[in-house]
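Visitor: Sending over a structure as structure tokens; questions will come in a sec.
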Amino acid sequence: MKYRDLQIQTHREAPNNARTEGFSFLVRAGYLTRENVPTKLGEHALDHLRALADGSFLFLSTIGNEKETYFAIPSGNVEVAYCPSCKYTERIEYARFVKPISAEHVPPLPIERISTPDCNTIEFLANFLNIPKEKTAKALMYTRLSDSKFVFVVVRGDMQLSERKLIAQVGDIRPATTEEIVSAGAIPGYASAIGLKDSLIVADDLIPGSSNLVAGANESGWHLRNTNYGRDYSAEIVADLIQAKEGDTCIECGNLLSVLSTLSLNNDFENVLFALAETHHDEKGLTLPNPTAPFDVYLMHIPGKELDTYAKADEIYNSILDADISVLLDDRDERAGVKFNDADLVGCPVRVTVGEKSLIEGMVELKLRKVKEIQLVSIDETVEKIKSILKP
Ligand SMILES: [Zn+2]
């Protein structure tokens with residue numbers, strides 16, 4: 001393809017909104033607009049990556065599981081739990097981990113009703129009673145979309161509910177309204193599963209083994225000490241409902257999990273291009289590796305005083321195309337410096353320059369994007385030389 005047909009527009013300056021260097025170079029090299037929309041060149045690059053499919057991941061250091069591949073980057077929008085030891089990887093909302101089950105079995109104590117004014121959060125409650133959060137039961141209340149069933153969820157006070165895990169158990173939900181909570185017999189901020197009516201009670205699997213928890217009394221300003229699953233209430237569903245966090249124990253190998261921000265690369269080739277740009281650039285621009293670059297060769301002519309360098313470049317262009325090698329011909333009448341800069345920005349693996357001085361000798365200049373030195377190659381051998389570079 002030709003530079004002018006693609007209407008490539010490069011920029012000397014990094015965009016103001018550049019979150020990362022990779023994004024900055026994609027904009028500067030004319031793959032994306034500042035508004036993060038692919039240009040003609042960008043669309044071509046994405047089509048090329050789609051055609052490569054999974055092969056494009058080979059040039060990225062990725063993590064993943066059988067369902068999804070991720071690229072870790074601080075600006076990523078998908079949080080995953082990742083085990084550096086065994087490589088267990090899962091979206092954080094689905095990640096499994098070893099729960100800290102208390103080994104000692106404490107016998108259930110009698111329920112005690114206690115006054116707890118202004119203790120409508122676990123934080124306030126634990127502080128007020130001077131107990132660790134794990135000695136409390138946290139209530140979360142939803143309404144199931146399919147049948148408007150009131151769903152009452154119990155997790156330990158030190159744990160965070162994963163709504164995705166809950167949805168996997170009960171189906172789609174929305175937060176319950178105050179009216180729905182009250183009509184089930186609960187009170188927001190002071191709720192427990194004890195004595196509820198017409199409710200689907202769902203407990204995290206840590207709850208049956210956690211004895212004598214402080215839970216709401218379903219009465220404003222009051223809690224119950226020593227509530228026990230099995231004795232005081234039970235649940236229709238007991239399952240893992242907890243979201244993993246940094247430092248939790250890996251379910252596979254027992255080492256500690258990290259939480260990473262990532263981009264999901266599945267079926268999102270914009271993210272693949274973004275990840276490639278992030279890992280393959282230098283101070284001058286993109287250095288996309290073969291075969292991920294949108295073109296294998298950046299071919300350019302330097303406008304001459306006597307010889308028609310463009311006509312020769314066009315000839316070479318056709319012979320490269322005939323060899324089934326993808327090539328971008330910079331057909332602009334720009335100064336050499338401008339074109340060299342743009343070639344570095346766009347980042348194709350091989351650059352071929354047709355200039356007057358070497359053309360007189362029947363030669364062209366050939367340079368690899370990541371190597372400083374320039375080789376002189378005879379015009380007749382150019383295509384073979386490129387082939388040998390691309391398929392070592
Ligand atoms: Zn592990």
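Letters for chains follow the order of the structure tokens (A, B, ...), residue numbers begin at 1 for each chain, and ligand numbers begin at 1 in the order shown.
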Using only C-alpha atoms, determine which residues lie at most 7 Å from A:Gly42, disregarding the query and same-chain residues fewer than 4 positions distant; provide the list as a list in words.
Guide: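 Contacts, in chain order: Tyr31, Leu32, Pro38 and Leu46 of chain A.
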Visitor: Keeping only N, CA and C atoms, write the selected residues to a file as an mmCIF file, in the first residue's frame.
Guide:
```cif
data_model
loop_
_atom_site.group_PDB
_atom_site.id
_atom_site.type_symbol
_atom_site.label_atom_id
_atom_site.label_comp_id
_atom_site.auth_asym_id
_atom_site.auth_seq_id
_atom_site.Cartn_x
_atom_site.Cartn_y
_atom_site.Cartn_z
ATOM 1 N N TYR A 31 -1.397 5.531 13.855
ATOM 2 C CA TYR A 31 -2.272 4.350 13.926
ATOM 3 C C TYR A 31 -3.619 4.707 14.554
ATOM 4 N N LEU A 32 -3.562 5.621 15.499
ATOM 5 C CA LEU A 32 -4.773 6.016 16.228
ATOM 6 C C LEU A 32 -4.874 7.528 16.216
ATOM 7 N N PRO A 38 -9.000 4.102 15.570
ATOM 8 C CA PRO A 38 -8.036 3.653 14.555
ATOM 9 C C PRO A 38 -8.184 4.438 13.244
ATOM 10 N N LEU A 46 -4.869 -3.608 12.466
ATOM 11 C CA LEU A 46 -5.782 -4.492 13.206
ATOM 12 C C LEU A 46 -6.208 -5.678 12.349
#
```
Visitor: Tell me, counting only C-alpha atoms, for each residue of stretch 282-377 of chain A within 10 Å of stretch 57-70 of chain A, which pair of atoms is nearest and how far apart they are in Å to one decimal, in rows ordered by chain and increasing number, as CSV.
Guide:
```
residue,atom,partner,partner_atom,distance
A:Leu288,CA,A:Phe59,CA,9.2
A:Pro289,CA,A:Phe59,CA,7.5
A:Asn290,CA,A:Phe59,CA,9.2
A:Pro291,CA,A:Phe59,CA,9.3
A:Thr292,CA,A:Phe59,CA,8.1
```
Visitor: Using only C-alpha atoms, find the one residue out of A:Asp333, A:Asn77, A:Glu356, A:Pro117 that sits nearest to A:Lys305.
Guide: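 Checking each of A:Asp333, A:Asn77, A:Glu356, A:Pro117 against A:Lys305, counting only C-alpha atoms, the winner is A:Glu356.
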Visitor: To check your reading of the model: which residues sit at most 8 Å from ligand 1 when counting only C-alpha atoms and all ligand atoms? Write the answer as a short mmCIF file (atom, residue, chain, number, x, y, z; two decimals) with N, CA and C atoms, in the first residue's frame.
Guide:
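Produced file selection-v7.cif, reproduced below:
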```cif
data_model
loop_
_atom_site.label_atom_id
_atom_site.label_comp_id
_atom_site.auth_asym_id
_atom_site.auth_seq_id
_atom_site.Cartn_x
_atom_site.Cartn_y
_atom_site.Cartn_z
N TYR A 82 -3.46 -13.39 40.13
CA TYR A 82 -2.40 -14.10 39.42
C TYR A 82 -1.43 -14.70 40.43
N CYS A 83 -1.09 -15.95 40.22
CA CYS A 83 -0.11 -16.59 41.11
C CYS A 83 1.24 -16.65 40.40
N PRO A 84 2.22 -15.90 40.89
CA PRO A 84 3.53 -15.90 40.23
C PRO A 84 4.20 -17.28 40.28
N SER A 85 3.80 -18.12 41.22
CA SER A 85 4.45 -19.43 41.33
C SER A 85 3.92 -20.44 40.32
N CYS A 86 2.59 -20.66 40.32
CA CYS A 86 2.05 -21.70 39.44
C CYS A 86 1.32 -21.13 38.24
N LYS A 87 1.26 -19.79 38.13
CA LYS A 87 0.65 -19.09 37.00
C LYS A 87 -0.88 -19.17 36.97
N TYR A 88 -1.47 -19.60 38.07
CA TYR A 88 -2.94 -19.57 38.13
C TYR A 88 -3.40 -18.14 37.85
N THR A 249 -4.37 -16.79 49.43
CA THR A 249 -3.59 -18.00 49.15
C THR A 249 -4.09 -18.69 47.88
N CYS A 250 -3.16 -18.98 46.98
CA CYS A 250 -3.49 -19.62 45.69
C CYS A 250 -4.15 -20.97 45.92
N ILE A 251 -5.26 -21.20 45.22
CA ILE A 251 -6.01 -22.45 45.37
C ILE A 251 -5.22 -23.63 44.80
N GLU A 252 -4.31 -23.34 43.87
CA GLU A 252 -3.60 -24.42 43.19
C GLU A 252 -2.33 -24.84 43.91
N CYS A 253 -1.58 -23.85 44.42
CA CYS A 253 -0.25 -24.20 44.94
C CYS A 253 0.03 -23.67 46.33
N GLY A 254 -0.84 -22.84 46.89
CA GLY A 254 -0.63 -22.40 48.26
C GLY A 254 0.26 -21.18 48.41
N ASN A 255 0.80 -20.68 47.30
CA ASN A 255 1.57 -19.44 47.40
C ASN A 255 0.62 -18.24 47.36
N LEU A 256 1.20 -17.03 47.45
CA LEU A 256 0.33 -15.86 47.57
C LEU A 256 -0.05 -15.29 46.21
N LEU A 257 -1.31 -14.88 46.10
CA LEU A 257 -1.81 -14.30 44.85
C LEU A 257 -1.47 -12.82 44.77
#
```
Visitor: Residues at most 8 Å from A:Ala14, counting only C-alpha atoms, excluding those fewer than 6 positions away in the same chain, as a PyMOL selection string?
Guide: chain A and resi 24-25+27-28
Visitor: Export, as a PDB file, in the first residue's frame, the selected residues with N, CA and C atoms.
Guide:
```
ATOM      1  N   SER A  24       1.048   6.657  23.204  1.00  0.00           N
ATOM      2  CA  SER A  24       1.625   7.862  22.639  1.00  0.00           C
ATOM      3  C   SER A  24       2.214   7.583  21.251  1.00  0.00           C
ATOM      4  N   PHE A  25       2.957   6.485  21.121  1.00  0.00           N
ATOM      5  CA  PHE A  25       3.572   6.187  19.821  1.00  0.00           C
ATOM      6  C   PHE A  25       2.542   5.737  18.792  1.00  0.00           C
ATOM      7  N   VAL A  27      -0.361   6.978  18.486  1.00  0.00           N
ATOM      8  CA  VAL A  27      -0.928   8.240  17.980  1.00  0.00           C
ATOM      9  C   VAL A  27       0.106   8.960  17.110  1.00  0.00           C
ATOM     10  N   ARG A  28       1.333   9.048  17.610  1.00  0.00           N
ATOM     11  CA  ARG A  28       2.359   9.777  16.862  1.00  0.00           C
ATOM     12  C   ARG A  28       2.661   9.121  15.518  1.00  0.00           C
TER      13      ARG A  28
END
```
Visitor: Among the residues of stretch 128-358 of chain A, find those DSSP assigns to strand (DSSP E) from the backbone and print them as a ChimeraX atom specification.
Guide: /A:137-144,150-156,173-175,199-204,213-216,222-227,237-239,249-250,258-264,281-282,285-286,297-301,327-330,350-354
